[in-house]
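What follows is the content of work_30.txt, which has compact mmCIF, C-alpha atoms:
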```txt
# COMPACT_ATOMS: atom_id res chain seq x y z
CA MET A 1 25.40 80.93 -63.72
CA LYS A 2 26.04 77.27 -64.52
CA LYS A 3 27.12 76.68 -60.95
CA LYS A 4 23.92 78.20 -59.65
CA ILE A 5 21.81 75.89 -61.79
CA ILE A 6 23.70 72.86 -60.57
CA TRP A 7 23.25 73.92 -56.95
CA GLY A 8 19.60 74.54 -57.61
CA ILE A 9 19.18 71.02 -58.98
CA ILE A 10 21.01 69.47 -56.03
CA LEU A 11 18.84 71.38 -53.60
CA LEU A 12 15.72 70.29 -55.40
CA ILE A 13 16.82 66.67 -55.28
CA ILE A 14 17.37 66.93 -51.55
CA ILE A 15 14.39 69.04 -50.61
CA VAL A 16 11.59 67.78 -52.82
CA PRO A 17 11.60 64.24 -51.35
CA GLN A 18 11.18 65.76 -47.88
CA LEU A 19 7.91 67.33 -48.99
CA ILE A 20 6.33 64.06 -50.06
CA PRO A 21 3.85 63.12 -47.33
CA VAL A 22 4.59 59.84 -45.58
CA ASP A 23 2.39 57.63 -43.49
CA LYS A 24 4.56 56.69 -40.58
CA PRO A 25 3.25 53.82 -38.39
CA GLU A 26 2.31 55.35 -35.08
CA ILE A 27 3.97 54.68 -31.77
CA ASP A 28 1.56 53.32 -29.20
CA GLY A 29 2.65 52.62 -25.64
CA ASP A 30 -0.46 50.56 -24.86
CA LYS A 31 0.78 47.30 -23.35
CA SER A 32 -2.57 45.66 -22.68
CA ASN A 33 -1.83 42.92 -25.22
CA ASP A 34 1.96 43.01 -25.12
CA LEU A 35 3.90 39.74 -25.13
CA ILE A 36 6.56 40.66 -22.59
CA THR A 37 4.11 42.35 -20.21
CA HIS A 38 1.74 39.38 -20.00
CA ASN A 39 4.03 36.37 -20.12
CA GLU A 40 6.80 35.06 -17.96
CA ILE A 41 9.71 35.47 -20.28
CA PRO A 42 13.31 34.99 -19.10
CA GLU A 43 15.07 38.32 -18.79
CA ASN A 44 17.76 37.60 -21.39
CA ILE A 45 15.11 36.61 -23.93
CA ALA A 46 12.95 39.64 -23.17
CA ASN A 47 15.98 41.88 -23.64
CA MET A 48 16.82 40.30 -26.97
CA LEU A 49 13.25 40.68 -28.17
CA LYS A 50 13.25 44.33 -27.14
CA THR A 51 16.58 45.27 -28.69
CA SER A 52 16.48 43.06 -31.77
CA CYS A 53 12.80 42.74 -32.71
CA TYR A 54 10.53 45.32 -31.10
CA ASP A 55 11.42 48.27 -33.34
CA CYS A 56 9.64 46.66 -36.29
CA HIS A 57 7.58 44.00 -34.55
CA SER A 58 5.71 46.05 -31.98
CA ASN A 59 3.95 49.40 -31.66
CA GLN A 60 6.80 50.61 -29.48
CA THR A 61 9.04 51.59 -32.38
CA VAL A 62 11.91 53.91 -31.52
CA TYR A 63 12.36 56.07 -34.60
CA PRO A 64 15.94 57.26 -35.07
CA TRP A 65 16.62 60.77 -36.41
CA TYR A 66 17.31 59.55 -39.95
CA SER A 67 13.88 58.01 -40.12
CA TYR A 68 12.64 61.58 -40.55
CA VAL A 69 14.82 62.18 -43.61
CA ALA A 70 13.75 61.02 -47.05
CA PRO A 71 14.63 58.75 -48.77
CA ILE A 72 15.83 56.71 -45.78
CA SER A 73 12.53 57.38 -44.05
CA TRP A 74 10.75 55.50 -46.82
CA LEU A 75 12.81 52.41 -46.16
CA VAL A 76 12.27 52.59 -42.41
CA ILE A 77 8.56 53.15 -42.80
CA ARG A 78 8.19 50.23 -45.16
CA ASP A 79 10.11 47.89 -42.88
CA VAL A 80 8.08 48.87 -39.83
CA LYS A 81 4.81 48.51 -41.72
CA VAL A 82 5.66 45.09 -43.10
CA GLY A 83 7.17 44.02 -39.79
CA ARG A 84 4.10 44.91 -37.76
CA LYS A 85 1.83 43.25 -40.28
CA GLU A 86 3.74 39.97 -40.13
CA LEU A 87 4.12 39.94 -36.37
CA ASN A 88 3.22 42.53 -33.79
CA PHE A 89 4.21 41.68 -30.23
CA SER A 90 1.96 44.51 -29.00
CA ASN A 91 -1.04 42.45 -30.16
CA TRP A 92 0.21 39.14 -28.81
CA GLU A 93 -2.60 38.46 -26.38
CA SER A 94 -5.21 38.96 -29.08
CA LEU A 95 -3.86 36.01 -31.10
CA SER A 96 -5.47 32.59 -30.89
CA LYS A 97 -3.45 29.67 -29.58
CA MET A 98 -2.94 28.28 -33.06
CA GLU A 99 -1.82 31.64 -34.40
CA LYS A 100 0.68 31.86 -31.56
CA ALA A 101 1.99 28.38 -32.40
CA LYS A 102 2.50 29.41 -36.00
CA VAL A 103 4.20 32.69 -35.15
CA LEU A 104 6.54 31.03 -32.65
CA ASP A 105 7.45 28.43 -35.23
CA ASP A 106 8.14 31.19 -37.77
CA ILE A 107 10.27 33.06 -35.24
CA SER A 108 12.32 30.00 -34.57
CA GLU A 109 12.91 29.42 -38.27
CA GLU A 110 13.75 33.03 -39.12
CA VAL A 111 16.12 33.36 -36.20
CA GLU A 112 17.79 30.02 -36.75
CA GLU A 113 18.40 30.71 -40.42
CA ALA A 114 19.62 34.24 -39.57
CA GLU A 115 16.94 35.78 -41.77
CA MET A 116 15.99 38.02 -38.88
CA PRO A 117 16.85 40.62 -37.76
CA MET A 118 17.54 41.94 -41.26
CA PRO A 119 21.24 42.72 -41.72
CA ILE A 120 20.44 46.29 -42.83
CA TYR A 121 19.14 46.96 -39.31
CA PHE A 122 22.59 46.30 -37.85
CA ILE A 123 24.16 49.24 -39.70
CA THR A 124 22.73 51.58 -37.11
CA HIS A 125 21.79 49.07 -34.39
CA SER A 126 24.91 47.07 -33.74
CA ASN A 127 23.57 46.06 -30.32
CA ALA A 128 20.74 44.22 -32.08
CA LYS A 129 23.15 41.65 -33.51
CA LEU A 130 22.55 38.13 -32.26
CA SER A 131 25.39 35.72 -31.57
CA ASP A 132 25.05 32.03 -32.35
CA ALA A 133 24.38 31.44 -28.66
CA ASP A 134 21.70 34.15 -28.65
CA ARG A 135 20.03 32.57 -31.64
CA GLU A 136 20.11 29.17 -30.03
CA ALA A 137 18.60 30.57 -26.84
CA LEU A 138 15.79 32.26 -28.78
CA VAL A 139 15.02 29.13 -30.79
CA ASN A 140 14.92 27.04 -27.60
CA TRP A 141 12.72 29.55 -25.88
CA SER A 142 10.22 29.78 -28.72
CA GLY A 143 9.89 25.99 -28.83
CA LYS A 144 9.38 25.72 -25.09
CA PHE A 145 7.00 28.64 -24.99
CA ALA A 146 4.93 27.15 -27.83
CA GLU A 147 4.87 23.82 -26.06
CA SER A 148 3.70 25.42 -22.83
CA LEU A 149 0.65 26.82 -24.62
CA PHE A 150 -0.69 23.31 -25.12
CA GLU A 151 0.05 21.74 -21.78
CA MET B 1 8.69 -20.01 -2.16
CA LYS B 2 10.69 -20.02 -5.34
CA LYS B 3 7.49 -19.80 -7.34
CA MET B 4 6.44 -16.79 -5.30
CA LEU B 5 9.73 -15.09 -6.00
CA THR B 6 9.50 -15.75 -9.73
CA LEU B 7 5.93 -14.53 -9.77
CA SER B 8 6.71 -11.34 -7.93
CA ALA B 9 9.74 -10.74 -10.13
CA LEU B 10 7.51 -11.18 -13.14
CA ALA B 11 4.92 -8.83 -11.69
CA LEU B 12 7.58 -6.29 -10.90
CA SER B 13 9.06 -6.39 -14.39
CA ALA B 14 5.61 -6.17 -15.93
CA PHE B 15 4.91 -3.16 -13.76
CA LEU B 16 8.20 -1.52 -14.72
CA PHE B 17 7.58 -2.23 -18.37
CA MET B 18 4.13 -0.68 -18.23
CA ASN B 19 5.48 2.36 -16.48
CA PHE B 20 8.24 2.67 -18.98
CA ASN B 21 5.70 2.52 -21.75
CA THR B 22 3.45 5.22 -20.35
CA SER B 23 6.34 7.56 -19.69
CA SER B 24 7.56 7.22 -23.26
CA ASP B 25 4.01 7.76 -24.49
CA ARG B 26 3.96 10.99 -22.61
CA ASN B 27 6.84 12.28 -24.67
CA LEU B 28 4.91 11.88 -27.87
CA ASN B 29 2.42 14.48 -28.87
CA THR B 30 -1.01 14.30 -27.37
CA ASN B 31 -2.88 14.89 -30.59
CA SER B 32 -2.57 11.46 -32.18
CA ASN B 33 -6.16 10.58 -31.32
CA LYS B 34 -7.49 13.88 -32.63
CA TYR B 35 -5.45 13.99 -35.82
CA GLU B 36 -7.39 12.52 -38.71
CA VAL B 37 -6.97 12.57 -42.46
CA PRO B 38 -10.07 11.72 -44.53
CA GLU B 39 -9.47 9.55 -47.55
CA ASP B 40 -9.97 12.27 -50.18
CA ILE B 41 -7.46 14.50 -48.41
CA GLN B 42 -4.99 11.65 -48.09
CA THR B 43 -5.24 11.10 -51.85
CA ILE B 44 -4.25 14.71 -52.55
CA ILE B 45 -1.36 14.52 -50.09
CA ASP B 46 -0.08 11.26 -51.54
CA LYS B 47 -0.26 12.58 -55.06
CA SER B 48 1.08 16.12 -54.69
CA CYS B 49 3.05 16.45 -51.44
CA LYS B 50 4.76 13.24 -50.53
CA GLY B 51 7.29 13.41 -53.34
CA CYS B 52 9.33 15.72 -51.10
CA HIS B 53 7.57 15.94 -47.74
CA VAL B 54 8.36 12.62 -46.05
CA SER B 55 11.11 11.68 -43.58
CA ASP B 56 13.09 9.64 -46.09
CA SER B 57 12.88 12.24 -48.85
CA LYS B 58 16.06 13.22 -50.65
CA ASN B 59 14.85 16.79 -50.62
CA GLU B 60 16.37 18.02 -47.36
CA LYS B 61 14.52 21.32 -47.25
CA GLY B 62 11.18 19.67 -47.93
CA ARG B 63 11.79 16.97 -45.38
CA LYS B 64 12.84 19.45 -42.72
CA LYS B 65 9.90 21.77 -43.27
CA LEU B 66 7.32 19.02 -43.19
CA SER B 67 7.34 15.25 -43.06
CA TRP B 68 3.80 14.01 -43.43
CA ASP B 69 4.61 10.69 -41.76
CA LYS B 70 5.41 12.55 -38.52
CA MET B 71 2.16 14.46 -38.34
CA LYS B 72 0.20 11.87 -36.42
CA ASP B 73 2.71 10.94 -33.78
CA GLY B 74 6.15 12.33 -34.49
CA TYR B 75 5.81 16.07 -33.98
CA LYS B 76 4.68 17.83 -30.85
CA THR B 77 1.20 19.35 -30.83
CA HIS B 78 2.39 22.93 -31.33
CA GLU B 79 4.56 21.82 -34.22
CA VAL B 80 1.69 20.00 -35.93
CA ILE B 81 -0.49 23.09 -35.56
CA ALA B 82 2.22 25.40 -36.93
CA LYS B 83 2.71 23.08 -39.89
CA LEU B 84 -1.01 22.95 -40.60
CA MET B 85 -1.10 26.75 -40.55
CA ASP B 86 1.88 26.83 -42.92
CA ILE B 87 0.12 24.39 -45.22
CA ASP B 88 -2.90 26.68 -45.25
CA GLU B 89 -0.63 29.65 -46.03
CA VAL B 90 1.32 28.09 -48.92
CA LEU B 91 -1.89 26.78 -50.46
CA LYS B 92 -3.48 30.20 -50.25
CA GLU B 93 -0.50 31.59 -52.14
CA SER B 94 -0.50 28.58 -54.49
CA ALA B 95 3.19 28.29 -53.63
CA MET B 96 3.11 24.50 -53.37
CA PRO B 97 3.87 22.28 -55.19
CA PRO B 98 6.67 24.48 -56.57
CA GLU B 99 6.45 25.57 -60.21
CA LYS B 100 9.77 23.99 -61.07
CA PHE B 101 8.57 20.65 -59.79
CA LEU B 102 5.30 20.97 -61.69
CA ALA B 103 7.14 21.74 -64.92
CA LYS B 104 8.68 18.30 -64.61
CA TYR B 105 5.66 16.50 -63.18
CA PRO B 106 2.55 18.34 -64.36
CA ASP B 107 0.32 15.50 -63.23
CA LYS B 108 1.22 16.23 -59.58
CA ASN B 109 -0.54 19.57 -59.67
CA ILE B 110 -3.28 20.29 -57.15
CA THR B 111 -6.54 21.38 -58.74
CA LYS B 112 -8.19 24.55 -57.49
CA GLU B 113 -10.91 22.52 -55.91
CA ASP B 114 -8.47 20.19 -54.14
CA ASN B 115 -6.43 23.17 -53.00
CA LYS B 116 -9.52 24.62 -51.30
CA LYS B 117 -10.35 21.24 -49.77
CA LEU B 118 -6.87 20.77 -48.37
CA GLN B 119 -6.83 24.32 -47.02
CA LYS B 120 -10.12 23.82 -45.28
CA TRP B 121 -8.99 20.55 -43.75
CA ALA B 122 -5.69 22.06 -42.52
CA LYS B 123 -7.40 25.02 -40.90
CA GLU B 124 -10.05 22.86 -39.26
CA MET B 125 -7.52 20.35 -38.02
CA ALA B 126 -5.35 23.13 -36.54
CA THR B 127 -8.40 24.48 -34.74
CA LYS B 128 -9.38 21.05 -33.45
CA LEU B 129 -5.88 20.35 -32.15
CA SER B 130 -5.61 23.68 -30.37
CA GLU B 131 -8.85 23.18 -28.48
```
Representation of the structure as structure tokens:
Amino acid sequence: MKKKIIWGIILLIIIVPQLIPVDKPEIDGDKSNDLITHNEIPENIANMLKTSCYDCHSNQTVYPWYSYVAPISWLVIRDVKVGRKELNFSNWESLSKMEKAKVLDDISEEVEEAEMPMPIYFITHSNAKLSDADREALVNWSGKFAESLFE
Amino acid sequence: MKKMLTLSALALSAFLFMNFNTSSDRNLNTNSNKYEVPEDIQTIIDKSCKGCHVSDSKNEKGRKKLSWDKMKDGYKTHEVIAKLMDIDEVLKESAMPPEKFLAKYPDKNITKEDNKKLQKWAKEMATKLSE
């Protein structure tokens, strides 16, 4: 009897969170304003952006299986929402020149100080890790790219 | 003959010097003629920002983020614009000057009105420079 109650409670704890409706940011393959599609970006940089940034910073999120399981799903959803709000590479072409300059400057700072990608992302995306050389390359690229906007 | 030689040498060096000058000018940002700070804005900056945000500041983080003395002709155009946008952002959030600093120097606070003024200037200047 006691055992049954305990199992019942455990099941409830696992199942109930799954029933809470979540508002998952949608995936949208529309590339009409995408950064990589519309700009000449060196291949190594484009690859880094895709593997290390695009899951949260574009509409082309690849949701892993655990992002369908609460409570992890809540974390993933929050990160994608916040990420897209701060910077969404899928909307790149709709930004003004000065907004682009600001974003590129932010990218350079976040990457240089290893604030981004967030370490929690590496637990399941070890290929998203950036080496010191990768970080340097990204910082250099963002500076050059920003400069080219005003030439 | 000798005079001719001296003259042409002089002309040549003058030419080289001028060339050298223009090429080094080209490395500087191109916004120095567009970048302007009205007096009332300058007063706010001097009072509330320059304690940390100048090149010779002891505050490394502040200096690195923004050195006001480099805005006119130290930074590149895209950097100046990004910094102006950052200024607008931190003022919107009332994140600058930092609370800790204000606890020590309450007279360095930016009034609401001045905050709005500085924000407006930063946004307009960023727009002007990106045109």
Worksheet entry | Residue contacts of Lys128 of chain B (10 Å, all atoms listed in the file) excluding same-chain residues fewer than 6 positions away, as a list in words |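 Those residues are Met98 of chain A; Asn31, Lys34, Tyr35, Ile81 and Ala122 of chain B.
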Find the nearest atom pair between each residue of chain B and chain A for residues within 9 Å, count only C-alpha atoms, give distances in Å to one decimal, sort rows by chain and ascending number, and present the table as a tab-separated table.
```
residue	atom	partner	partner_atom	distance
B:Lys76	CA	A:Glu147	CA	7.7
B:Thr77	CA	A:Phe150	CA	7.2
B:His78	CA	A:Ala101	CA	5.6
B:Glu79	CA	A:Ala101	CA	7.3
B:Ile81	CA	A:Met98	CA	6.3
B:Ala82	CA	A:Lys102	CA	4.1
B:Lys83	CA	A:Lys102	CA	7.4
B:Leu84	CA	A:Lys102	CA	8.7
B:Met85	CA	A:Lys102	CA	6.4
B:Asp86	CA	A:Lys102	CA	7.4
B:Ala126	CA	A:Met98	CA	6.7
B:Thr127	CA	A:Met98	CA	6.9
B:Leu129	CA	A:Met98	CA	8.5
B:Ser130	CA	A:Met98	CA	6.0
B:Glu131	CA	A:Lys97	CA	8.5
```
Discussion item. Would you compute the distance between atom CA of Val90 of chain B and atom CA of Lys108 of chain B? Give it in Å to one decimal.
Written reply: 15.9 Å
Worksheet item: For Gly29 of chain A, which residue out of A:Lys81, A:Met48, A:Met1, A:Phe89 is the nearest one, using all atoms listed in the file?
Response: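 Of the candidates, the smallest distance to Gly29 of chain A is held by A:Phe89.
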Item to complete: Report the distance between atom CA of Lys112 of chain B and atom CA of Asp46 of chain B in Å, rounded to one decimal place.
Response: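 That distance, rounded to one decimal, is 16.7 Å.
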Fill in: Counting all atoms listed in the file, the option among A:Ile15, A:Asp28, A:His125, A:Ile120 closest to Leu75 of chain A
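With all atoms listed in the file as the atom set, the closest residue is A:Ile120.
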Discussion item. One number please: atom CA of Glu113 of chain B to atom CA of Lys50 of chain B, in Å, one decimal.
Written reply: 19.0 Å
Worksheet item: Out of A:Leu35, A:Ile72, A:Val139, A:Leu87, which residue has the shortest atom-to-atom distance to Ala114 of chain A when counting all atoms listed in the file?
Response: A:Val139
Item to complete: Could you give me, as a VMD selection string, the residues within 9 Å of Pro25 of chain A, counting only C-alpha atoms and dropping anything in the same chain fewer than 2 positions from it?
Response: chain A and resid 23 27 59 61 77 80 to 81 84
Practice prompt. Go through B:Asp88, B:Lys104, B:Lys70, B:Glu93 and flag the residue nearest Lys123 of chain B, using only C-alpha atoms for the distances.
Written response: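 Ranked by minimum distance to Lys123 of chain B, first place goes to B:Asp88.
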Practice prompt. Go through B:Ile110, B:Ile41, B:Cys49, B:Leu66 and flag the residue nearest Ser94 of chain B, using all atoms listed in the file for the distances.
Written response: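 That would be B:Ile110, the residue with the smallest distance to Ser94 of chain B.
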